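Inspection log for the structure reproduced underneath, given as structure tokens.
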Amino acid sequence: MKEKLKIDIVSDVVCPWCIIGYKRLEKAISELGIKDQVEIEWQPFELNPDMPPEGQNITEHITEKYGSTLEQQKESRENMTNIGEELGFKFDYFDEMRMSNTFEAHVLLEYAKEFGKQTELKMRLITAFFSERKDVSDKDVLKQALLDVGLNADEALARLDSEEARYHVRNKQGEWKNMGVNSVPTIVFNMKSAVTGAQPVSTFKQILGELIAE
């Protein structure tokens, strides 16, 4: 049997372009009819590793980090909301929205991988943050997300107290950074080639078509 095409997606659960990129990739896979020929694994990346537990107002955060004006941010959010709509994803930006610390979400995504539920949990967390106005650093929100995808929430949350589990995620983040990944999404195919950013569906189709044909 032919080996599956391995796709590693380095991303964060509070990164809007990561969900747009994934939805476009998913569309390309679906249109090519190769769902059973690919295997996706999500890799940890924190956009804001130093984000305090209480988070930060998103407008204030974007202004500080990127120097974007309020007008630029408004335009960017409208653009992302429209793209999201085209791809069947809802972006619900609001004035009090806060950027969250996502480290513990990444620990739980590693746990979910052991049960083949990583993509499900990733989508659940991204949806909670962008569509449902939820704080993905909040233990209750994390617990509900785990339950929603059918995982053992108590067992999973116990991982958050495990030094080994936390080290594993930090180590993985370090490995990807050492490989030169410094922006997300970075989508890696068979550990041989990579693209960054939310590429158009046509680009993904071209890459996937060539790799599957090899």
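Chain labels run A, B, ... following the order of the structure tokens; each chain numbers its residues from 1, and ligands are numbered from 1 in the order shown.
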Requested in this report: Could you give me the residues within segment 170-210 of chain A that DSSP places in helix (DSSP H, G or I), as a list in words?
Outcome: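 Those residues are Arg170, Asn171, Lys172, Gln173, Gly174, Glu175, Trp176, Lys177, Asn178, Val201, Ser202, Thr203, Phe204, Lys205, Gln206, Ile207, Leu208, Gly209 and Glu210 of chain A.
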Those selected residues, please, written with N, CA, C and O atoms and delivered as a PDB file, in the first residue's frame.
ATOM      1  N   ARG A 170       7.305  22.469  24.339  1.00  0.00           N
ATOM      2  CA  ARG A 170       8.362  23.496  24.198  1.00  0.00           C
ATOM      3  C   ARG A 170       9.460  22.998  23.250  1.00  0.00           C
ATOM      4  O   ARG A 170       9.971  23.751  22.414  1.00  0.00           O
ATOM      5  N   ASN A 171       9.788  21.730  23.407  1.00  0.00           N
ATOM      6  CA  ASN A 171      10.826  21.124  22.583  1.00  0.00           C
ATOM      7  C   ASN A 171      10.424  21.118  21.104  1.00  0.00           C
ATOM      8  O   ASN A 171      11.217  21.468  20.222  1.00  0.00           O
ATOM      9  N   LYS A 172       9.180  20.728  20.853  1.00  0.00           N
ATOM     10  CA  LYS A 172       8.673  20.708  19.472  1.00  0.00           C
ATOM     11  C   LYS A 172       8.673  22.108  18.862  1.00  0.00           C
ATOM     12  O   LYS A 172       9.043  22.295  17.708  1.00  0.00           O
ATOM     13  N   GLN A 173       8.250  23.093  19.657  1.00  0.00           N
ATOM     14  CA  GLN A 173       8.253  24.477  19.172  1.00  0.00           C
ATOM     15  C   GLN A 173       9.680  24.883  18.785  1.00  0.00           C
ATOM     16  O   GLN A 173       9.895  25.507  17.745  1.00  0.00           O
ATOM     17  N   GLY A 174      10.622  24.512  19.634  1.00  0.00           N
ATOM     18  CA  GLY A 174      12.032  24.828  19.383  1.00  0.00           C
ATOM     19  C   GLY A 174      12.545  24.176  18.115  1.00  0.00           C
ATOM     20  O   GLY A 174      13.272  24.799  17.323  1.00  0.00           O
ATOM     21  N   GLU A 175      12.151  22.923  17.903  1.00  0.00           N
ATOM     22  CA  GLU A 175      12.595  22.190  16.700  1.00  0.00           C
ATOM     23  C   GLU A 175      12.120  22.876  15.421  1.00  0.00           C
ATOM     24  O   GLU A 175      12.881  23.031  14.463  1.00  0.00           O
ATOM     25  N   TRP A 176      10.850  23.284  15.403  1.00  0.00           N
ATOM     26  CA  TRP A 176      10.327  23.949  14.197  1.00  0.00           C
ATOM     27  C   TRP A 176      10.986  25.311  13.992  1.00  0.00           C
ATOM     28  O   TRP A 176      11.284  25.693  12.854  1.00  0.00           O
ATOM     29  N   LYS A 177      11.227  26.014  15.094  1.00  0.00           N
ATOM     30  CA  LYS A 177      11.915  27.316  14.972  1.00  0.00           C
ATOM     31  C   LYS A 177      13.311  27.115  14.402  1.00  0.00           C
ATOM     32  O   LYS A 177      13.774  27.885  13.556  1.00  0.00           O
ATOM     33  N   ASN A 178      14.001  26.064  14.881  1.00  0.00           N
ATOM     34  CA  ASN A 178      15.354  25.763  14.394  1.00  0.00           C
ATOM     35  C   ASN A 178      15.358  25.402  12.915  1.00  0.00           C
ATOM     36  O   ASN A 178      16.362  25.548  12.232  1.00  0.00           O
ATOM     37  N   VAL A 201      -6.526  28.041  -3.030  1.00  0.00           N
ATOM     38  CA  VAL A 201      -6.880  26.626  -3.236  1.00  0.00           C
ATOM     39  C   VAL A 201      -6.116  26.069  -4.438  1.00  0.00           C
ATOM     40  O   VAL A 201      -5.601  24.952  -4.405  1.00  0.00           O
ATOM     41  N   SER A 202      -6.019  26.867  -5.511  1.00  0.00           N
ATOM     42  CA  SER A 202      -5.352  26.399  -6.744  1.00  0.00           C
ATOM     43  C   SER A 202      -3.886  26.038  -6.497  1.00  0.00           C
ATOM     44  O   SER A 202      -3.367  25.065  -7.056  1.00  0.00           O
ATOM     45  N   THR A 203      -3.208  26.822  -5.636  1.00  0.00           N
ATOM     46  CA  THR A 203      -1.801  26.528  -5.312  1.00  0.00           C
ATOM     47  C   THR A 203      -1.696  25.208  -4.574  1.00  0.00           C
ATOM     48  O   THR A 203      -0.843  24.364  -4.884  1.00  0.00           O
ATOM     49  N   PHE A 204      -2.584  25.011  -3.589  1.00  0.00           N
ATOM     50  CA  PHE A 204      -2.574  23.741  -2.847  1.00  0.00           C
ATOM     51  C   PHE A 204      -2.868  22.566  -3.781  1.00  0.00           C
ATOM     52  O   PHE A 204      -2.249  21.507  -3.667  1.00  0.00           O
ATOM     53  N   LYS A 205      -3.793  22.761  -4.702  1.00  0.00           N
ATOM     54  CA  LYS A 205      -4.138  21.667  -5.624  1.00  0.00           C
ATOM     55  C   LYS A 205      -2.945  21.289  -6.494  1.00  0.00           C
ATOM     56  O   LYS A 205      -2.682  20.110  -6.724  1.00  0.00           O
ATOM     57  N   GLN A 206      -2.226  22.309  -6.936  1.00  0.00           N
ATOM     58  CA  GLN A 206      -1.055  22.052  -7.783  1.00  0.00           C
ATOM     59  C   GLN A 206       0.011  21.269  -7.004  1.00  0.00           C
ATOM     60  O   GLN A 206       0.538  20.265  -7.483  1.00  0.00           O
ATOM     61  N   ILE A 207       0.316  21.733  -5.760  1.00  0.00           N
ATOM     62  CA  ILE A 207       1.328  21.069  -4.935  1.00  0.00           C
ATOM     63  C   ILE A 207       0.911  19.623  -4.639  1.00  0.00           C
ATOM     64  O   ILE A 207       1.697  18.688  -4.803  1.00  0.00           O
ATOM     65  N   LEU A 208      -0.329  19.459  -4.179  1.00  0.00           N
ATOM     66  CA  LEU A 208      -0.815  18.131  -3.809  1.00  0.00           C
ATOM     67  C   LEU A 208      -0.853  17.199  -5.012  1.00  0.00           C
ATOM     68  O   LEU A 208      -0.451  16.035  -4.904  1.00  0.00           O
ATOM     69  N   GLY A 209      -1.311  17.714  -6.143  1.00  0.00           N
ATOM     70  CA  GLY A 209      -1.384  16.896  -7.359  1.00  0.00           C
ATOM     71  C   GLY A 209      -0.030  16.349  -7.745  1.00  0.00           C
ATOM     72  O   GLY A 209       0.129  15.165  -8.063  1.00  0.00           O
ATOM     73  N   GLU A 210       0.982  17.223  -7.690  1.00  0.00           N
ATOM     74  CA  GLU A 210       2.346  16.805  -8.059  1.00  0.00           C
ATOM     75  C   GLU A 210       2.888  15.774  -7.073  1.00  0.00           C
ATOM     76  O   GLU A 210       3.517  14.787  -7.475  1.00  0.00           O
TER      77      GLU A 210
END
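Counting only C-alpha atoms, Arg24 of chain A has the following residues at most 12 Å away, ignoring those fewer than 5 positions along the same chain: Trp17, Cys18, Ile19, Ile29, Ser30, Glu31, Ile83, Gly84, Glu86, Leu87, Gly88, Phe89, Pro185, Ile187, Gly197, Ala198, Gln199, Pro200, Val201, Ser202, Thr203, Phe204 and Lys205 of chain A.
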Expected file contents, prior selection, N, CA, C and O atoms, as a PDB file, in the first residue's frame:
ATOM      1  N   TRP A  17      -5.171  33.534   9.875  1.00  0.00           N
ATOM      2  CA  TRP A  17      -4.725  33.025   8.570  1.00  0.00           C
ATOM      3  C   TRP A  17      -4.472  31.525   8.608  1.00  0.00           C
ATOM      4  O   TRP A  17      -4.470  30.859   7.568  1.00  0.00           O
ATOM      5  N   CYS A  18      -4.279  30.978   9.822  1.00  0.00           N
ATOM      6  CA  CYS A  18      -4.072  29.526   9.942  1.00  0.00           C
ATOM      7  C   CYS A  18      -5.358  28.774   9.604  1.00  0.00           C
ATOM      8  O   CYS A  18      -5.326  27.769   8.902  1.00  0.00           O
ATOM      9  N   ILE A  19      -6.491  29.279  10.093  1.00  0.00           N
ATOM     10  CA  ILE A  19      -7.753  28.593   9.781  1.00  0.00           C
ATOM     11  C   ILE A  19      -8.130  28.814   8.315  1.00  0.00           C
ATOM     12  O   ILE A  19      -8.608  27.902   7.644  1.00  0.00           O
ATOM     13  N   ILE A  29      -7.906  19.335  -1.014  1.00  0.00           N
ATOM     14  CA  ILE A  29      -7.882  17.877  -0.797  1.00  0.00           C
ATOM     15  C   ILE A  29      -9.210  17.263  -1.236  1.00  0.00           C
ATOM     16  O   ILE A  29      -9.251  16.241  -1.921  1.00  0.00           O
ATOM     17  N   SER A  30     -10.290  17.924  -0.862  1.00  0.00           N
ATOM     18  CA  SER A  30     -11.633  17.443  -1.187  1.00  0.00           C
ATOM     19  C   SER A  30     -11.871  17.460  -2.701  1.00  0.00           C
ATOM     20  O   SER A  30     -12.367  16.489  -3.277  1.00  0.00           O
ATOM     21  N   GLU A  31     -11.484  18.564  -3.356  1.00  0.00           N
ATOM     22  CA  GLU A  31     -11.709  18.678  -4.804  1.00  0.00           C
ATOM     23  C   GLU A  31     -10.877  17.677  -5.599  1.00  0.00           C
ATOM     24  O   GLU A  31     -11.282  17.243  -6.675  1.00  0.00           O
ATOM     25  N   ILE A  83     -13.570  36.352   3.715  1.00  0.00           N
ATOM     26  CA  ILE A  83     -12.891  35.131   3.243  1.00  0.00           C
ATOM     27  C   ILE A  83     -13.412  33.929   4.030  1.00  0.00           C
ATOM     28  O   ILE A  83     -13.698  32.870   3.467  1.00  0.00           O
ATOM     29  N   GLY A  84     -13.539  34.122   5.346  1.00  0.00           N
ATOM     30  CA  GLY A  84     -14.058  33.051   6.197  1.00  0.00           C
ATOM     31  C   GLY A  84     -15.427  32.583   5.731  1.00  0.00           C
ATOM     32  O   GLY A  84     -15.688  31.381   5.628  1.00  0.00           O
ATOM     33  N   GLU A  86     -16.744  32.723   2.778  1.00  0.00           N
ATOM     34  CA  GLU A  86     -16.613  31.949   1.527  1.00  0.00           C
ATOM     35  C   GLU A  86     -16.210  30.509   1.816  1.00  0.00           C
ATOM     36  O   GLU A  86     -16.541  29.591   1.075  1.00  0.00           O
ATOM     37  N   LEU A  87     -15.459  30.313   2.911  1.00  0.00           N
ATOM     38  CA  LEU A  87     -14.941  28.980   3.246  1.00  0.00           C
ATOM     39  C   LEU A  87     -15.780  28.271   4.316  1.00  0.00           C
ATOM     40  O   LEU A  87     -15.405  27.211   4.815  1.00  0.00           O
ATOM     41  N   GLY A  88     -16.908  28.899   4.678  1.00  0.00           N
ATOM     42  CA  GLY A  88     -17.785  28.280   5.676  1.00  0.00           C
ATOM     43  C   GLY A  88     -17.288  28.410   7.107  1.00  0.00           C
ATOM     44  O   GLY A  88     -17.587  27.573   7.960  1.00  0.00           O
ATOM     45  N   PHE A  89     -16.497  29.467   7.369  1.00  0.00           N
ATOM     46  CA  PHE A  89     -16.019  29.694   8.742  1.00  0.00           C
ATOM     47  C   PHE A  89     -16.423  31.087   9.194  1.00  0.00           C
ATOM     48  O   PHE A  89     -16.291  32.058   8.451  1.00  0.00           O
ATOM     49  N   PRO A 185       0.426  30.356   9.048  1.00  0.00           N
ATOM     50  CA  PRO A 185       0.703  28.936   8.979  1.00  0.00           C
ATOM     51  C   PRO A 185       1.916  28.615   8.100  1.00  0.00           C
ATOM     52  O   PRO A 185       2.138  29.273   7.090  1.00  0.00           O
ATOM     53  N   ILE A 187       3.026  25.213   6.152  1.00  0.00           N
ATOM     54  CA  ILE A 187       2.491  23.896   5.807  1.00  0.00           C
ATOM     55  C   ILE A 187       3.586  23.108   5.107  1.00  0.00           C
ATOM     56  O   ILE A 187       4.109  23.529   4.074  1.00  0.00           O
ATOM     57  N   GLY A 197       1.827  30.879   4.838  1.00  0.00           N
ATOM     58  CA  GLY A 197       0.668  31.725   4.561  1.00  0.00           C
ATOM     59  C   GLY A 197      -0.509  30.944   4.019  1.00  0.00           C
ATOM     60  O   GLY A 197      -0.400  29.769   3.683  1.00  0.00           O
ATOM     61  N   ALA A 198      -1.643  31.642   3.946  1.00  0.00           N
ATOM     62  CA  ALA A 198      -2.878  31.024   3.468  1.00  0.00           C
ATOM     63  C   ALA A 198      -2.905  31.072   1.940  1.00  0.00           C
ATOM     64  O   ALA A 198      -3.462  31.983   1.334  1.00  0.00           O
ATOM     65  N   GLN A 199      -2.288  30.086   1.318  1.00  0.00           N
ATOM     66  CA  GLN A 199      -2.201  30.040  -0.152  1.00  0.00           C
ATOM     67  C   GLN A 199      -3.576  29.797  -0.773  1.00  0.00           C
ATOM     68  O   GLN A 199      -4.462  29.231  -0.124  1.00  0.00           O
ATOM     69  N   PRO A 200      -3.766  30.208  -2.021  1.00  0.00           N
ATOM     70  CA  PRO A 200      -5.048  29.938  -2.694  1.00  0.00           C
ATOM     71  C   PRO A 200      -5.271  28.431  -2.876  1.00  0.00           C
ATOM     72  O   PRO A 200      -4.307  27.657  -2.912  1.00  0.00           O
ATOM     73  N   VAL A 201      -6.526  28.041  -3.030  1.00  0.00           N
ATOM     74  CA  VAL A 201      -6.880  26.626  -3.236  1.00  0.00           C
ATOM     75  C   VAL A 201      -6.116  26.069  -4.438  1.00  0.00           C
ATOM     76  O   VAL A 201      -5.601  24.952  -4.405  1.00  0.00           O
ATOM     77  N   SER A 202      -6.019  26.867  -5.511  1.00  0.00           N
ATOM     78  CA  SER A 202      -5.352  26.399  -6.744  1.00  0.00           C
ATOM     79  C   SER A 202      -3.886  26.038  -6.497  1.00  0.00           C
ATOM     80  O   SER A 202      -3.367  25.065  -7.056  1.00  0.00           O
ATOM     81  N   THR A 203      -3.208  26.822  -5.636  1.00  0.00           N
ATOM     82  CA  THR A 203      -1.801  26.528  -5.312  1.00  0.00           C
ATOM     83  C   THR A 203      -1.696  25.208  -4.574  1.00  0.00           C
ATOM     84  O   THR A 203      -0.843  24.364  -4.884  1.00  0.00           O
ATOM     85  N   PHE A 204      -2.584  25.011  -3.589  1.00  0.00           N
ATOM     86  CA  PHE A 204      -2.574  23.741  -2.847  1.00  0.00           C
ATOM     87  C   PHE A 204      -2.868  22.566  -3.781  1.00  0.00           C
ATOM     88  O   PHE A 204      -2.249  21.507  -3.667  1.00  0.00           O
ATOM     89  N   LYS A 205      -3.793  22.761  -4.702  1.00  0.00           N
ATOM     90  CA  LYS A 205      -4.138  21.667  -5.624  1.00  0.00           C
ATOM     91  C   LYS A 205      -2.945  21.289  -6.494  1.00  0.00           C
ATOM     92  O   LYS A 205      -2.682  20.110  -6.724  1.00  0.00           O
TER      93      LYS A 205
END
Query raised in the report: Pick from A:Ala213, A:Met80, A:Val169, A:Ala105: nearest to Lys4 of chain A, with only C-alpha atoms counted?
Result: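 Smallest distance to Lys4 of chain A is found for A:Ala213.
Closest approach to Glu104 of chain A among A:Asp8, A:Asp138, A:Glu214, A:Glu41 is made by A:Asp138 (distances from only C-alpha atoms).
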Query raised in the report: If we count only C-alpha atoms, what is near Leu147 of chain A at a cut-off of 12 Å, once residues fewer than 2 positions away on the same chain are taken out, given as a ChimeraX atom specification?
Result: /A:112,117,120-121,124-125,140-145,149-157
Residues from the last selection, N, CA and C atoms, saved as a short mmCIF file (atom, residue, chain, number, x, y, z; two decimals), in the first residue's frame:
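Below is the file selection.cif, written as the result:
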data_model
loop_
_atom_site.label_atom_id
_atom_site.label_comp_id
_atom_site.auth_asym_id
_atom_site.auth_seq_id
_atom_site.Cartn_x
_atom_site.Cartn_y
_atom_site.Cartn_z
N ALA A 112 -4.62 14.99 22.23
CA ALA A 112 -5.66 14.58 21.28
C ALA A 112 -5.11 13.75 20.13
N LYS A 117 -7.73 12.51 17.35
CA LYS A 117 -8.74 13.58 17.43
C LYS A 117 -8.10 14.97 17.36
N GLU A 120 -9.93 17.49 15.04
CA GLU A 120 -11.23 17.84 15.64
C GLU A 120 -11.08 18.84 16.78
N LEU A 121 -10.10 18.59 17.65
CA LEU A 121 -9.90 19.51 18.78
C LEU A 121 -9.38 20.86 18.30
N ARG A 124 -12.24 22.76 17.02
CA ARG A 124 -13.11 23.15 18.14
C ARG A 124 -12.56 24.38 18.85
N LEU A 125 -11.24 24.39 19.08
CA LEU A 125 -10.61 25.51 19.79
C LEU A 125 -10.59 26.78 18.95
N ASP A 140 -12.15 25.97 31.87
CA ASP A 140 -13.52 25.50 31.59
C ASP A 140 -13.78 25.42 30.09
N VAL A 141 -13.25 26.38 29.35
CA VAL A 141 -13.41 26.38 27.89
C VAL A 141 -12.65 25.19 27.29
N LEU A 142 -11.44 24.95 27.80
CA LEU A 142 -10.65 23.82 27.32
C LEU A 142 -11.34 22.50 27.64
N LYS A 143 -11.89 22.40 28.84
CA LYS A 143 -12.58 21.17 29.26
C LYS A 143 -13.77 20.89 28.34
N GLN A 144 -14.56 21.93 28.07
CA GLN A 144 -15.74 21.76 27.21
C GLN A 144 -15.33 21.34 25.80
N ALA A 145 -14.24 21.93 25.30
CA ALA A 145 -13.76 21.57 23.95
C ALA A 145 -13.38 20.10 23.90
N VAL A 149 -15.39 16.92 21.63
CA VAL A 149 -14.82 16.01 20.62
C VAL A 149 -14.68 14.58 21.14
N GLY A 150 -15.27 14.34 22.31
CA GLY A 150 -15.31 12.97 22.83
C GLY A 150 -14.05 12.49 23.50
N LEU A 151 -13.27 13.40 24.07
CA LEU A 151 -12.06 12.99 24.78
C LEU A 151 -12.30 12.98 26.29
N ASN A 152 -11.44 12.26 27.01
CA ASN A 152 -11.52 12.21 28.47
C ASN A 152 -10.93 13.51 29.02
N ALA A 153 -11.82 14.42 29.41
CA ALA A 153 -11.38 15.77 29.79
C ALA A 153 -10.49 15.76 31.03
N ASP A 154 -10.83 14.95 32.02
CA ASP A 154 -10.04 14.93 33.26
C ASP A 154 -8.63 14.42 33.00
N GLU A 155 -8.54 13.36 32.22
CA GLU A 155 -7.23 12.78 31.89
C GLU A 155 -6.39 13.79 31.09
N ALA A 156 -7.06 14.45 30.14
CA ALA A 156 -6.37 15.43 29.29
C ALA A 156 -5.87 16.61 30.11
N LEU A 157 -6.75 17.16 30.97
CA LEU A 157 -6.38 18.34 31.76
C LEU A 157 -5.26 18.02 32.75
#
Requested in this report: Can you pull out every residue within 7 Å of Asp92 of chain A, counting only C-alpha atoms, but drop anything in the same chain fewer than 2 positions away, and send it as JSON, numbers by chain?
Outcome: {"A": [90, 94, 130, 131]}
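Take the candidates A:Asn82, A:Thr186, A:Ser76, A:Gln118 and check each one against Glu39 of chain A using only C-alpha atoms; the shortest distance goes to A:Gln118.
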Report task. Work out how far apart atom CA of Lys23 of chain A and atom CA of Thr69 of chain A are and give it in Å to one decimal. Result ->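 Answer for the atom CA of Lys23 of chain A to atom CA of Thr69 of chain A separation: 27.9 Å.
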Query raised in the report: From the list A:Glu132, A:Glu64, A:Asp95, A:Asp161, which residue is nearest Arg77 of chain A when using only C-alpha atoms?
Result: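 Using only C-alpha atoms, Arg77 of chain A sits closest to A:Asp95.
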Report task. Name the closest residue to Ser162 of chain A among the candidates A:Leu146, A:Ala128, A:Val188, A:Leu108; distances are taken between atoms, counting only C-alpha atoms. Result ->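 Ranked by minimum distance to Ser162 of chain A, first place goes to A:Leu108.
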Report task. Skip Val38 of chain A itself and residues of its chain fewer than 2 positions away, then list as a ChimeraX atom specification all residues within 7 Å of it, counting only C-alpha atoms. Result -> /A:4-6,34-36,40
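Looking only at segment 89-205 of chain A, the set that DSSP places in strand (DSSP E or B) from backbone geometry is Arg98, Met99, Thr186, Ile187, Val188, Phe189, Ser193, Ala194, Val195 and Thr196 of chain A.
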Keeping N, CA, C and O atoms, export the residues of the selection given above as a short mmCIF file (atom, residue, chain, number, x, y, z; two decimals), in the first residue's frame.
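Saved file selection_32.cif follows:
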data_model
loop_
_atom_site.label_atom_id
_atom_site.label_comp_id
_atom_site.auth_asym_id
_atom_site.auth_seq_id
_atom_site.Cartn_x
_atom_site.Cartn_y
_atom_site.Cartn_z
N ARG A 98 -10.16 39.52 23.30
CA ARG A 98 -8.82 39.51 23.90
C ARG A 98 -7.97 38.40 23.29
O ARG A 98 -8.46 37.31 23.01
N MET A 99 -6.69 38.70 23.08
CA MET A 99 -5.75 37.69 22.64
C MET A 99 -5.45 36.81 23.85
O MET A 99 -5.28 37.31 24.95
N THR A 186 2.66 27.60 8.51
CA THR A 186 3.67 27.00 7.64
C THR A 186 3.21 25.57 7.41
O THR A 186 2.97 24.83 8.37
N ILE A 187 3.03 25.21 6.15
CA ILE A 187 2.49 23.90 5.81
C ILE A 187 3.59 23.11 5.11
O ILE A 187 4.11 23.53 4.07
N VAL A 188 3.95 21.99 5.72
CA VAL A 188 5.11 21.21 5.27
C VAL A 188 4.64 19.88 4.69
O VAL A 188 3.86 19.16 5.32
N PHE A 189 5.13 19.56 3.50
CA PHE A 189 4.71 18.33 2.81
C PHE A 189 5.84 17.30 2.84
O PHE A 189 6.93 17.54 2.31
N SER A 193 9.12 19.82 1.38
CA SER A 193 8.84 21.16 0.84
C SER A 193 7.81 21.83 1.72
O SER A 193 7.06 21.16 2.45
N ALA A 194 7.78 23.16 1.67
CA ALA A 194 6.86 23.89 2.54
C ALA A 194 6.36 25.16 1.88
O ALA A 194 7.03 25.73 1.01
N VAL A 195 5.17 25.59 2.31
CA VAL A 195 4.66 26.90 1.91
C VAL A 195 4.23 27.63 3.19
O VAL A 195 3.84 27.01 4.16
N THR A 196 4.33 28.96 3.16
CA THR A 196 3.86 29.73 4.30
C THR A 196 2.68 30.58 3.87
O THR A 196 2.56 30.95 2.69
#
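Proximity to Glu110 of chain A was assessed for A:Met97, A:Leu32, A:Leu160, A:Ile62 counting only C-alpha atoms; the smallest distance is recorded for A:Leu160.
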Report task. Could you please determine the separation between atom CA of Asn101 of chain A and atom CA of Pro53 of chain A in Å, to one decimal place? Result -> 6.2 Å
